[in-house]
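A.B. asks: Contents of upload01.cif (mmCIF, C-alpha atoms and all ligand atoms) are below:
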```
data_my_file
loop_
_atom_site.label_atom_id
_atom_site.label_comp_id
_atom_site.auth_asym_id
_atom_site.auth_seq_id
_atom_site.Cartn_x
_atom_site.Cartn_y
_atom_site.Cartn_z
CA MET O 154 33.15 -39.11 -106.48
CA ASP O 155 33.11 -39.77 -110.20
CA PHE O 156 32.36 -43.34 -111.13
CA THR O 157 31.92 -42.89 -114.87
CA LEU O 158 33.55 -45.91 -116.43
CA THR O 159 36.34 -45.49 -118.97
CA PRO O 160 35.90 -47.45 -122.25
CA GLU O 161 38.32 -50.13 -120.90
CA GLU O 162 36.37 -50.43 -117.66
CA GLN O 163 33.12 -50.66 -119.57
CA ALA O 164 34.62 -53.41 -121.73
CA PHE O 165 35.66 -55.27 -118.60
CA ARG O 166 32.15 -54.99 -117.14
CA ASP O 167 30.73 -56.40 -120.39
CA GLU O 168 33.23 -59.26 -120.21
CA VAL O 169 32.11 -60.09 -116.65
CA ARG O 170 28.45 -59.94 -117.62
CA ALA O 171 29.02 -62.20 -120.64
CA PHE O 172 30.92 -64.67 -118.45
CA LEU O 173 28.07 -64.74 -115.93
CA ASP O 174 25.45 -65.20 -118.67
CA GLU O 175 27.37 -68.20 -119.91
CA ASN O 176 28.54 -69.79 -116.66
CA LEU O 177 26.13 -68.93 -113.87
CA PRO O 178 22.80 -70.79 -113.64
CA PRO O 179 19.97 -69.50 -111.41
CA GLU O 180 20.48 -70.32 -107.70
CA ALA O 181 17.92 -73.14 -107.67
CA GLU O 182 19.79 -74.98 -110.44
CA ARG O 183 23.28 -74.89 -108.90
CA THR O 184 24.52 -78.44 -108.31
CA PRO O 185 27.65 -79.55 -106.41
CA GLU O 186 29.30 -80.19 -109.81
CA PHE O 187 28.53 -76.61 -110.81
CA TYR O 188 30.45 -75.24 -107.77
CA GLY O 189 33.58 -77.26 -108.70
CA THR O 190 33.49 -76.07 -112.31
CA TRP O 191 32.79 -72.50 -111.21
CA GLN O 192 35.93 -72.37 -109.04
CA LYS O 193 38.04 -73.76 -111.87
CA ARG O 194 36.69 -71.24 -114.38
CA VAL O 195 37.05 -68.15 -112.18
CA ARG O 196 40.58 -69.25 -111.28
CA GLU O 197 41.41 -69.53 -114.99
CA LYS O 198 40.17 -65.95 -115.42
CA ARG O 199 42.51 -64.89 -112.56
CA TRP O 200 39.51 -63.53 -110.70
CA VAL O 201 40.56 -65.36 -107.53
CA GLY O 202 43.04 -63.00 -105.84
CA PHE O 203 42.09 -60.55 -108.59
CA SER O 204 43.83 -57.62 -106.87
CA TRP O 205 47.02 -59.56 -106.10
CA PRO O 206 50.13 -58.95 -108.23
CA ARG O 207 50.36 -61.07 -111.36
CA ASP O 208 53.84 -62.31 -110.45
CA VAL O 209 52.40 -64.23 -107.47
CA GLY O 210 49.53 -65.59 -109.56
CA GLY O 211 46.91 -62.91 -108.91
CA GLY O 212 45.01 -60.85 -111.46
CA GLY O 213 46.94 -57.59 -111.07
CA ALA O 214 43.60 -55.77 -111.30
CA SER O 215 43.06 -52.08 -110.69
CA ILE O 216 40.86 -51.00 -107.79
CA MET O 217 38.09 -50.01 -110.19
CA GLN O 218 38.20 -53.41 -111.93
CA GLN O 219 37.88 -55.09 -108.52
CA ALA O 220 34.87 -52.92 -107.70
CA ILE O 221 33.23 -53.76 -111.04
CA LEU O 222 33.83 -57.50 -110.61
CA LYS O 223 32.50 -57.49 -107.04
CA GLU O 224 29.41 -55.52 -107.97
CA GLU O 225 28.51 -57.69 -110.97
CA MET O 226 29.06 -60.87 -108.93
CA ALA O 227 26.92 -59.61 -106.06
CA LYS O 228 24.08 -58.53 -108.37
CA ARG O 229 23.87 -62.07 -109.79
CA LYS O 230 24.36 -63.81 -106.42
CA ALA O 231 27.43 -65.57 -107.72
CA PRO O 232 29.30 -67.97 -105.39
CA PRO O 233 32.54 -66.71 -103.79
CA LEU O 234 35.66 -66.35 -105.91
CA GLY O 235 37.91 -68.97 -104.33
CA THR O 236 37.28 -71.25 -101.38
CA CYS O 237 40.13 -70.51 -98.97
CA PHE O 238 38.32 -67.74 -97.09
CA MET O 239 40.94 -66.69 -94.51
CA GLY O 240 43.78 -67.31 -96.94
CA LEU O 241 42.25 -64.95 -99.48
CA ALA O 242 40.96 -62.38 -97.01
CA TRP O 243 44.06 -61.77 -94.87
CA VAL O 244 46.70 -64.53 -94.74
CA GLY O 245 47.56 -64.17 -98.45
CA PRO O 246 47.70 -60.34 -98.40
CA ALA O 247 49.94 -60.50 -95.28
CA ILE O 248 52.27 -63.01 -96.99
CA ILE O 249 52.40 -60.83 -100.12
CA GLU O 250 53.28 -57.80 -97.99
CA TYR O 251 55.66 -59.35 -95.46
CA GLY O 252 56.60 -62.80 -96.75
CA THR O 253 59.86 -63.98 -98.24
CA GLU O 254 59.95 -64.99 -101.91
CA GLU O 255 60.10 -68.62 -100.76
CA GLN O 256 56.95 -68.15 -98.61
CA LYS O 257 55.11 -66.54 -101.51
CA ARG O 258 56.01 -69.46 -103.79
CA ARG O 259 55.07 -71.99 -101.13
CA PHE O 260 51.71 -70.63 -99.98
CA ILE O 261 50.12 -68.26 -102.49
CA PRO O 262 49.33 -70.78 -105.28
CA ASP O 263 47.62 -73.11 -102.76
CA ILE O 264 45.55 -70.24 -101.37
CA LEU O 265 44.45 -69.26 -104.88
CA ASP O 266 43.61 -72.87 -105.71
CA GLY O 267 41.78 -73.39 -102.40
CA ALA O 268 43.98 -76.44 -101.84
CA TYR O 269 43.35 -76.31 -98.06
CA HIS O 270 42.13 -73.97 -95.32
CA TRP O 271 43.95 -71.57 -93.02
CA CYS O 272 42.81 -70.61 -89.52
CA THR O 273 43.78 -67.64 -87.36
CA GLY O 274 45.41 -68.02 -83.93
CA TYR O 275 45.21 -64.58 -82.35
CA SER O 276 42.77 -64.62 -79.37
CA GLU O 277 43.68 -66.24 -76.04
CA PRO O 278 41.47 -67.01 -73.03
CA ASP O 279 42.44 -63.74 -71.28
CA TYR O 280 43.36 -61.63 -74.29
CA GLY O 281 40.86 -60.91 -77.05
CA SER O 282 40.19 -57.19 -77.37
CA ASP O 283 43.52 -56.50 -75.70
CA LEU O 284 45.26 -58.72 -78.21
CA ALA O 285 48.65 -57.04 -77.85
CA SER O 286 48.95 -58.49 -74.32
CA LEU O 287 48.92 -62.07 -75.64
CA GLN O 288 50.99 -64.62 -73.73
CA CYS O 289 51.42 -67.69 -75.98
CA LYS O 290 55.20 -67.95 -75.94
CA ALA O 291 57.84 -68.93 -78.49
CA VAL O 292 61.50 -69.42 -77.55
CA ARG O 293 64.15 -69.63 -80.24
CA GLU O 294 66.19 -72.86 -80.13
CA GLY O 295 68.63 -73.04 -83.05
CA ASP O 296 66.71 -72.95 -86.31
CA ALA O 297 63.30 -73.40 -84.70
CA TYR O 298 60.89 -71.63 -82.35
CA VAL O 299 59.42 -73.74 -79.55
CA VAL O 300 55.82 -72.67 -78.92
CA ASN O 301 53.90 -73.16 -75.67
CA GLY O 302 50.49 -71.74 -74.79
CA GLN O 303 46.86 -71.65 -75.81
CA LYS O 304 44.61 -69.97 -78.34
CA ILE O 305 40.81 -69.89 -78.26
CA TRP O 306 37.85 -69.16 -80.56
CA THR O 307 39.96 -70.36 -83.47
CA SER O 308 37.42 -70.63 -86.29
CA ILE O 309 37.61 -73.70 -88.55
CA ALA O 310 40.69 -74.98 -86.68
CA VAL O 311 39.29 -78.50 -86.89
CA TRP O 312 39.65 -78.75 -90.65
CA SER O 313 42.45 -76.26 -91.32
CA LYS O 314 45.85 -77.38 -92.50
CA TRP O 315 47.74 -74.23 -91.45
CA ILE O 316 47.38 -71.56 -88.78
CA ILE O 317 48.63 -67.96 -88.85
CA LEU O 318 49.77 -67.66 -85.25
CA LEU O 319 50.77 -64.76 -83.01
CA VAL O 320 53.27 -65.53 -80.26
CA ARG O 321 55.32 -63.56 -77.77
CA THR O 322 59.05 -63.87 -78.46
CA SER O 323 60.17 -61.21 -76.01
CA THR O 324 58.91 -61.16 -72.45
CA ASN O 325 60.55 -57.84 -71.69
CA PRO O 326 59.49 -55.44 -74.43
CA ARG O 327 59.51 -51.62 -74.09
CA ASP O 328 55.95 -51.64 -75.34
CA LYS O 329 53.53 -54.62 -75.34
CA HIS O 330 53.17 -54.28 -79.15
CA ASP O 331 56.87 -55.08 -79.53
CA GLY O 332 58.06 -58.61 -79.00
CA ILE O 333 55.13 -60.24 -80.82
CA THR O 334 56.02 -62.50 -83.73
CA CYS O 335 53.89 -64.03 -86.47
CA LEU O 336 54.44 -67.69 -87.35
CA LEU O 337 52.91 -69.89 -90.06
CA VAL O 338 52.39 -73.30 -88.51
CA PRO O 339 51.15 -76.63 -89.92
CA MET O 340 48.18 -77.80 -87.85
CA ASP O 341 49.47 -81.38 -87.87
CA SER O 342 52.67 -80.35 -86.02
CA GLU O 343 53.53 -82.55 -83.07
CA GLY O 344 52.28 -80.97 -79.82
CA ILE O 345 49.15 -79.24 -81.23
CA THR O 346 45.80 -80.29 -79.72
CA VAL O 347 42.50 -78.98 -81.07
CA ARG O 348 39.40 -79.06 -78.86
CA PRO O 349 36.18 -77.96 -80.64
CA ILE O 350 33.80 -75.56 -78.85
CA LYS O 351 30.08 -75.88 -79.50
CA ASN O 352 28.47 -72.52 -80.25
CA MET O 353 24.93 -71.41 -79.38
CA SER O 354 23.54 -72.27 -82.81
CA GLY O 355 24.60 -75.89 -82.27
CA GLY O 356 27.65 -76.02 -84.56
CA ALA O 357 31.26 -76.49 -83.52
CA LEU O 358 32.87 -74.05 -85.89
CA PHE O 359 35.56 -72.86 -83.54
CA ALA O 360 37.98 -74.47 -81.12
CA GLU O 361 40.58 -74.14 -78.41
CA VAL O 362 44.07 -74.86 -79.73
CA PHE O 363 46.83 -75.95 -77.34
CA PHE O 364 50.56 -75.75 -78.10
CA ASP O 365 52.84 -78.02 -76.14
CA ASP O 366 56.52 -77.70 -77.14
CA VAL O 367 55.59 -77.27 -80.80
CA ARG O 368 58.69 -76.77 -82.96
CA VAL O 369 58.24 -74.29 -85.80
CA PRO O 370 61.11 -73.78 -88.26
CA VAL O 371 62.44 -70.20 -88.31
CA GLU O 372 61.76 -70.09 -92.06
CA ASN O 373 58.03 -70.16 -91.17
CA ARG O 374 58.23 -66.76 -89.48
CA LEU O 375 56.22 -64.08 -91.31
CA GLY O 376 58.00 -60.72 -91.10
CA ALA O 377 60.80 -59.90 -88.70
CA GLU O 378 61.03 -61.30 -85.16
CA GLY O 379 59.19 -58.97 -82.79
CA GLN O 380 57.33 -57.24 -85.65
CA GLY O 381 54.24 -59.47 -85.65
CA TRP O 382 51.99 -56.61 -84.55
CA LYS O 383 52.62 -54.78 -87.83
CA VAL O 384 51.69 -57.93 -89.75
CA THR O 385 48.54 -58.30 -87.64
CA ILE O 386 47.37 -54.73 -88.06
CA SER O 387 47.50 -55.10 -91.82
CA ALA O 388 45.79 -58.52 -91.63
CA LEU O 389 43.04 -57.19 -89.34
CA ALA O 390 42.33 -54.26 -91.67
CA HIS O 391 41.84 -56.85 -94.42
CA GLU O 392 39.56 -58.84 -92.10
CA ARG O 393 37.46 -55.78 -91.27
CA SER O 394 37.17 -54.68 -94.85
CA SER O 395 36.09 -58.13 -96.00
CA ILE O 396 33.65 -58.49 -93.13
CA ALA O 397 32.17 -55.16 -94.09
CA GLU O 398 30.70 -56.55 -97.30
CA VAL O 399 27.36 -55.08 -98.21
CA ALA O 400 26.27 -57.78 -100.64
CA SER O 401 25.41 -60.40 -98.04
CA LEU O 402 23.32 -57.87 -96.08
CA MET O 403 21.37 -57.03 -99.22
CA ARG O 404 20.76 -60.72 -99.71
CA HIS O 405 19.51 -61.06 -96.12
CA LEU O 406 17.21 -58.09 -96.66
CA GLU O 407 15.73 -59.55 -99.85
CA GLY O 408 15.06 -62.75 -97.91
CA LEU O 409 13.49 -60.78 -95.10
CA VAL O 410 11.10 -59.00 -97.48
CA ALA O 411 10.10 -62.40 -98.94
CA LEU O 412 9.57 -63.71 -95.40
CA ALA O 413 7.37 -60.70 -94.54
CA ARG O 414 5.28 -61.52 -97.60
CA GLU O 415 4.95 -65.16 -96.50
CA CYS O 416 4.23 -64.62 -92.79
CA THR O 417 0.83 -63.33 -91.74
CA ARG O 418 -0.41 -60.75 -89.25
CA ASN O 419 -4.14 -60.57 -88.52
CA GLY O 420 -4.80 -62.75 -91.55
CA ARG O 421 -2.83 -60.58 -93.99
CA PRO O 422 0.78 -60.73 -95.19
CA ALA O 423 2.99 -59.07 -92.56
CA LEU O 424 4.39 -56.93 -95.38
CA HIS O 425 1.07 -55.03 -95.40
CA ASP O 426 1.66 -53.91 -91.81
CA PRO O 427 3.01 -50.31 -91.86
CA SER O 428 5.30 -50.93 -88.87
CA VAL O 429 6.93 -53.88 -90.69
CA ARG O 430 7.34 -51.83 -93.85
CA ARG O 431 8.88 -48.98 -91.86
CA ARG O 432 11.41 -51.31 -90.27
CA LEU O 433 12.33 -52.83 -93.62
CA ALA O 434 12.72 -49.38 -95.18
CA ARG O 435 14.95 -48.29 -92.31
CA LEU O 436 17.13 -51.37 -92.75
CA GLU O 437 17.43 -50.71 -96.47
CA THR O 438 18.40 -47.08 -95.87
CA ARG O 439 21.14 -48.12 -93.46
CA ILE O 440 22.50 -50.74 -95.86
CA GLU O 441 22.52 -48.08 -98.58
CA ALA O 442 24.47 -45.78 -96.24
CA MET O 443 26.99 -48.58 -95.78
CA ARG O 444 27.27 -49.01 -99.54
CA THR O 445 27.88 -45.27 -99.97
CA ASN O 446 30.49 -45.39 -97.24
CA GLY O 447 32.15 -48.21 -99.19
CA LEU O 448 32.21 -45.91 -102.23
CA ARG O 449 33.95 -43.26 -100.12
CA TYR O 450 36.69 -45.79 -99.29
CA LEU O 451 36.89 -46.65 -102.96
CA THR O 452 37.34 -42.98 -103.87
CA LYS O 453 40.13 -42.71 -101.33
CA GLN O 454 41.85 -45.74 -102.80
CA LEU O 455 41.41 -44.44 -106.36
CA LYS O 456 43.19 -41.27 -105.28
CA GLY O 457 46.06 -43.44 -104.08
CA GLU O 458 45.41 -42.79 -100.40
CA PRO O 459 45.90 -45.83 -98.15
CA LEU O 460 42.94 -47.18 -96.20
CA SER O 461 43.46 -47.58 -92.50
CA SER O 462 40.81 -47.51 -89.80
CA GLU O 463 37.84 -46.40 -91.92
CA THR O 464 36.78 -50.00 -92.45
CA SER O 465 35.83 -50.05 -88.74
CA VAL O 466 32.86 -47.79 -89.55
CA ASN O 467 31.22 -50.34 -91.85
CA LYS O 468 32.18 -53.24 -89.56
CA LEU O 469 30.31 -51.48 -86.74
CA GLN O 470 27.30 -50.74 -88.92
CA ARG O 471 27.15 -54.30 -90.25
CA ALA O 472 27.27 -55.70 -86.71
CA ALA O 473 24.12 -53.78 -85.74
CA LEU O 474 22.33 -54.70 -88.97
CA GLU O 475 23.08 -58.42 -88.68
CA ILE O 476 21.51 -58.54 -85.21
CA GLU O 477 18.45 -56.53 -86.23
CA ILE O 478 17.79 -58.59 -89.36
CA GLY O 479 18.01 -61.87 -87.40
CA ASP O 480 15.74 -60.55 -84.63
CA MET O 481 13.16 -59.28 -87.10
CA ALA O 482 13.09 -62.59 -88.98
CA VAL O 483 12.43 -64.49 -85.76
CA GLU O 484 9.75 -61.99 -84.70
CA LEU O 485 7.94 -62.18 -88.05
CA GLN O 486 7.49 -65.95 -87.67
CA GLY O 487 5.87 -65.64 -84.23
CA HIS O 488 5.89 -68.88 -82.27
CA ALA O 489 7.73 -70.66 -85.14
CA GLY O 490 10.61 -68.18 -84.95
CA PRO O 491 12.97 -70.17 -82.72
CA LEU O 492 12.45 -73.50 -84.52
CA THR O 493 15.52 -75.15 -85.97
CA ARG O 494 16.21 -77.14 -89.12
CA GLY O 495 13.86 -80.05 -89.60
CA ALA O 496 11.24 -78.73 -87.16
CA SER O 497 7.77 -78.02 -88.52
CA PRO O 498 6.62 -75.26 -89.23
CA ALA O 499 10.01 -73.47 -89.34
CA LYS O 500 10.20 -71.23 -92.41
CA ALA O 501 13.02 -71.87 -94.91
CA ASP O 502 13.90 -75.01 -92.95
CA GLY O 503 15.16 -73.07 -89.91
CA HIS O 504 17.46 -70.81 -91.94
CA TRP O 505 16.36 -67.69 -90.06
CA GLN O 506 16.82 -69.23 -86.66
CA HIS O 507 20.40 -69.91 -87.72
CA VAL O 508 20.82 -66.31 -88.96
CA ALA O 509 19.48 -65.00 -85.64
CA LEU O 510 22.02 -67.02 -83.65
CA ALA O 511 25.01 -66.69 -85.97
CA TRP O 512 25.64 -62.97 -85.41
CA PRO O 513 28.63 -63.35 -83.01
CA GLU O 514 30.88 -64.31 -85.91
CA VAL O 515 30.33 -60.96 -87.61
CA VAL O 516 29.77 -58.86 -84.50
CA ILE O 517 32.56 -60.17 -82.22
CA GLY O 518 34.99 -61.83 -84.65
CA GLY O 519 37.61 -59.33 -85.86
CA GLY O 520 37.00 -56.97 -82.91
CA THR O 521 33.87 -56.14 -80.90
CA PRO O 522 31.69 -53.05 -81.56
CA ASN O 523 33.23 -51.28 -78.52
CA ILE O 524 36.69 -51.81 -79.95
CA GLN O 525 35.57 -50.47 -83.36
CA ARG O 526 34.14 -47.41 -81.57
CA ASN O 527 37.46 -46.88 -79.77
CA ILE O 528 39.32 -47.14 -83.09
CA ILE O 529 36.99 -44.66 -84.78
CA ALA O 530 37.20 -42.25 -81.83
CA GLU O 531 40.98 -42.34 -81.52
CA ARG O 532 42.26 -42.86 -85.03
CA ILE O 533 39.61 -41.15 -87.17
CA LEU O 534 38.17 -38.48 -84.88
CA GLY O 535 41.43 -37.87 -83.04
CA LEU O 536 39.85 -38.08 -79.58
CA PRO O 537 42.03 -38.88 -76.55
CA LYS O 538 42.78 -42.55 -75.78
CA ASP O 539 40.34 -44.18 -73.32
C1 LIG D 601 32.23 -66.52 -83.96
C2 LIG D 601 33.59 -66.05 -83.55
C3 LIG D 601 34.70 -66.42 -84.30
C4 LIG D 601 35.98 -66.03 -83.90
N1 LIG D 601 37.06 -66.45 -84.64
C5 LIG D 601 38.30 -66.16 -84.22
C6 LIG D 601 39.43 -66.68 -84.90
O1 LIG D 601 39.31 -67.38 -85.91
N2 LIG D 601 40.66 -66.43 -84.40
C7 LIG D 601 40.85 -65.64 -83.30
O2 LIG D 601 41.99 -65.43 -82.91
N3 LIG D 601 39.79 -65.15 -82.61
C8 LIG D 601 38.52 -65.40 -83.04
N4 LIG D 601 37.45 -64.90 -82.36
C9 LIG D 601 37.69 -64.20 -81.11
C10 LIG D 601 37.39 -62.70 -81.19
O3 LIG D 601 38.36 -62.04 -81.95
C11 LIG D 601 37.34 -62.22 -79.74
O4 LIG D 601 36.24 -62.86 -79.12
C12 LIG D 601 37.17 -60.73 -79.68
O5 LIG D 601 38.33 -60.07 -80.10
C13 LIG D 601 36.80 -60.26 -78.25
O6 LIG D 601 37.69 -60.76 -77.31
P1 LIG D 601 37.18 -61.51 -75.99
O7 LIG D 601 36.23 -62.58 -76.41
O8 LIG D 601 38.37 -61.91 -75.22
O9 LIG D 601 36.32 -60.45 -75.20
P2 LIG D 601 36.87 -59.31 -74.22
O10 LIG D 601 38.06 -58.66 -74.84
O11 LIG D 601 37.05 -59.90 -72.87
O12 LIG D 601 35.67 -58.29 -74.22
C14 LIG D 601 34.52 -58.46 -73.40
C15 LIG D 601 33.67 -57.19 -73.51
O13 LIG D 601 34.41 -56.05 -73.02
C16 LIG D 601 34.46 -55.02 -74.01
N5 LIG D 601 35.77 -54.36 -74.00
C17 LIG D 601 36.98 -54.94 -73.90
N6 LIG D 601 37.95 -54.02 -73.93
C18 LIG D 601 37.35 -52.81 -74.08
C19 LIG D 601 37.82 -51.46 -74.18
N7 LIG D 601 39.12 -51.15 -74.15
N8 LIG D 601 36.90 -50.47 -74.31
C20 LIG D 601 35.58 -50.74 -74.33
N9 LIG D 601 35.08 -52.01 -74.23
C21 LIG D 601 35.94 -53.03 -74.11
C22 LIG D 601 34.25 -55.74 -75.33
O14 LIG D 601 33.70 -54.88 -76.31
C23 LIG D 601 33.29 -56.84 -74.94
O15 LIG D 601 31.97 -56.36 -74.96
C24 LIG D 601 36.16 -65.25 -82.74
C25 LIG D 601 35.04 -64.87 -81.98
C26 LIG D 601 33.78 -65.27 -82.37
C27 LIG D 601 32.61 -64.87 -81.55
#
```
As structure tokens - that is how I would like this structure written.
C.D. replies:
Amino acid sequence: MDFTLTPEEQAFRDEVRAFLDENLPPEAERTPEFYGTWQKRVREKRWVGFSWPRDVGGGGASIMQQAILKEEMAKRKAPPLGTCFMGLAWVGPAIIEYGTEEQKRRFIPDILDGAYHWCTGYSEPDYGSDLASLQCKAVREGDAYVVNGQKIWTSIAVWSKWIILLVRTSTNPRDKHDGITCLLVPMDSEGITVRPIKNMSGGALFAEVFFDDVRVPVENRLGAEGQGWKVTISALAHERSSIAEVASLMRHLEGLVALARECTRNGRPALHDPSVRRRLARLETRIEAMRTNGLRYLTKQLKGEPLSSETSVNKLQRAALEIEIGDMAVELQGHAGPLTRGASPAKADGHWQHVALAWPEVVIGGGTPNIQRNIIAERILGLPKD
């Protein structure tokens, strides 16, 4: 690995730093107005969708430029670049790879502008890990598909305007991966019902989505009929690589160290307890290992080699870290650990209780740890299929 910056890369890093000096106030001073202005400014710089081709409105950046931008942003705890999370993380890249020119024109600018949200309709009540067995059905009738079936655990379905949806268009495929088709569907289509599901941290971030004779124009199909699995594999790799971000873990860890300073054990800051320090050091070492792993992926990309299943390694590692950080934060606070927002004496207004209960999104969403282990075993280590 050689990460010495070229003069152009150095100049770009200086440009990012200068921009941040000018436009990014300290966290405590960030107002709602600031967030609006921030999104407008980073969009003007083409830093939203920075890696996407310039002809669709992206920044056309090199992999190294992306790495520099991400690193500088993370160091300064900058807000996200863009607001349409799923659109930017995997719907947009899938449209760029498999979409028609018309689809690119129709959807990409809105994703970059954060005009509305996308949600993801993959999982079904009986098919999550075994996604390729999905049963939600679409039958072609003239210039439309008629969709019937159900999805579940659809995050942010309640306020999304569009859904990237996987349906079965062939009930008699040679292989279950064939016969799946990807459709882009407006959430206000007639026949769609959304029923929110309350999660264990009290929010209702995800939902069941029912499709009852929903007509979807053929022009909303992404990729060829029956080739939806290919589209999904590429989208899921994007999901895993974005979930595998190290920056948010580092932020959690900084917060955890501050919490250990604030909480007491035997009348002294918990941070003075050697067992607490050991645990924190171990967490930091593992996050650092994840960061180094990320650099290995970067090296591979810089050499022009495509990334495939490697992102599963960091997804697996992050899953374990998220759970441990949440558990440790609750433990440090003793009896106040489980208290929620608004309850006295919850530290950071119940933030850590939320962290401790929010892990399923990172751990289960995008494929459970067992599934990541299977992927690593079969596709990276070449072990026999289970
Ligand atoms: C917070 C959150 C947000 C989500 N958001 C979305 C979303 O927006 N859109 C969407 O489509 N889905 C979403 N999901 C669903 C998620 O993708 C599925 O929950 C996940 O893929 C697991 O599927 P399942 O729940 O059906 O569990 P199952 O597949 O039934 O798995 C149950 C258990 O069995 C294990 N298991 C299953 N198969 C194997 C195997 N072959 N080998 C070893 N172990 C195995 C699993 O690891 C797991 O521990 C979300 C889930 C969560 C928790």
A.B. asks: I'd like the contact shell of range 314-323 of chain O - 7 Å cut-off, all atoms listed in the file, skipping same-chain residues fewer than 4 positions apart - returned as a list in words.
C.D. replies: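 Once the adjacent positions are removed, what remains is Tyr269, His270, Trp271, Cys272, Thr273, Gly274, Tyr275, Leu287, Gln288, Cys289, Lys290, Ala291, Val292, Gly332, Ile333, Thr334, Cys335, Leu336, Leu337, Val338, Pro339, Met340, Gly379 and Gly381 of chain O.
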A.B. asks: Might I get the box with edges along x, y and z of the file that holds all atoms of ligand LIG 601 (chain D) listed there, padded by 4 Å on every side, given as centre and edge lengths in Å to one decimal, as JSON?
C.D. replies:
```
{"center_x": 37.0, "center_y": -58.9, "center_z": -79.4, "size_x": 18.0, "size_y": 24.9, "size_z": 21.0}
```
A.B. asks: Quick one: distance from CA of Phe364 in chain O to CA of Trp243 in chain O in Å, one decimal?
C.D. replies: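 Interatomic distance here is 22.8 Å.
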A.B. asks: Using all atoms listed in the file, which residues of the polymer chains come no farther than 7 Å from ligand LIG 601 (chain D)? I'd like the answer as a PyMOL selection string.
C.D. replies: chain O and resi 272-283+304-308+359+513-515+517-524+527
A.B. asks: Would you mind reading off the distance between CA of Leu375 in chain O and CA of Gly252 in chain O, one decimal, in Å?
C.D. replies: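 Those two atoms sit 5.6 Å apart.
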A.B. asks: So how far away is CA of Ser401 in chain O from CA of Glu475 in chain O, in Å?
C.D. replies: 9.8 Å
A.B. asks: Please write as a ChimeraX atom specification the list of polymer residues whose atoms come within 8 Å of (23.1, -71.1, -84.7), counting only C-alpha atoms and keeping to the coordinates of the file.
C.D. replies: /O:352-356,506-511
A.B. asks: Using only C-alpha atoms, determine which residues lie at most 10 Å from Ser387 in chain O, disregarding the query and same-chain residues fewer than 5 positions distant; provide the list as a ChimeraX atom specification.
C.D. replies: /O:243-244,246-247,250-251,382,392,461
A.B. asks: Find the residues around Ser462 in chain O up to 8 Å (all atoms listed in the file counted), leave out those fewer than 2 positions away in its own chain, and share them as an mmCIF file with C-alpha atoms, keeping the file's coordinate frame.
C.D. replies:
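Printed below is selection-v3.cif as written:
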```cif
data_model
loop_
_atom_site.group_PDB
_atom_site.id
_atom_site.type_symbol
_atom_site.label_atom_id
_atom_site.label_comp_id
_atom_site.auth_asym_id
_atom_site.auth_seq_id
_atom_site.Cartn_x
_atom_site.Cartn_y
_atom_site.Cartn_z
ATOM 1 C CA ALA O 390 42.330 -54.260 -91.670
ATOM 2 C CA LEU O 460 42.940 -47.180 -96.200
ATOM 3 C CA THR O 464 36.780 -50.000 -92.450
ATOM 4 C CA SER O 465 35.830 -50.050 -88.740
ATOM 5 C CA VAL O 466 32.860 -47.790 -89.550
ATOM 6 C CA ILE O 528 39.320 -47.140 -83.090
ATOM 7 C CA ILE O 529 36.990 -44.660 -84.780
ATOM 8 C CA ARG O 532 42.260 -42.860 -85.030
ATOM 9 C CA ILE O 533 39.610 -41.150 -87.170
#
```
A.B. asks: Show which residues sit within 8 Å of Ser204 in chain O, as a PyMOL selection string. Count all atoms listed in the file, and ignore same-chain residues fewer than 4 positions away.
C.D. replies: chain O and resi 211-216+219
A.B. asks: Export, as a tab-separated table (two decimals), in the frame of the given file, the selected residues with C-alpha atoms.
C.D. replies:
```
chain	number	residue	atom	x	y	z
O	211	GLY	CA	46.91	-62.91	-108.91
O	212	GLY	CA	45.01	-60.85	-111.46
O	213	GLY	CA	46.94	-57.59	-111.07
O	214	ALA	CA	43.60	-55.77	-111.30
O	215	SER	CA	43.06	-52.08	-110.69
O	216	ILE	CA	40.86	-51.00	-107.79
O	219	GLN	CA	37.88	-55.09	-108.52
```
A.B. asks: Between O:Lys329, O:His405, O:Arg414, O:Lys351, single out the one closest to Val429 in chain O, counting all atoms listed in the file.
C.D. replies: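 Closest candidate: O:Arg414.
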A.B. asks: With only C-alpha atoms as the basis for distance, which of O:Pro491, O:Pro498, O:Pro427, O:Gly479 is at the shortest distance from Trp512 in chain O?
C.D. replies: O:Gly479
A.B. asks: Which residues, written as a PyMOL selection string, have at least one atom at most 10 Å from Gln486 in chain O, with all atoms listed in the file counted and residues fewer than 5 positions away on the same chain left out?
C.D. replies: chain O and resi 412-413+415-418+423+481+491-492+498-500+505-506
A.B. asks: Which of these, O:Ala171, O:Thr236, O:Asp266, O:Ala442, has the shortest distance to Gly210 in chain O once you count all atoms listed in the file?
C.D. replies: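 Once distances to Gly210 in chain O are computed over all atoms listed in the file, the minimum belongs to O:Asp266.
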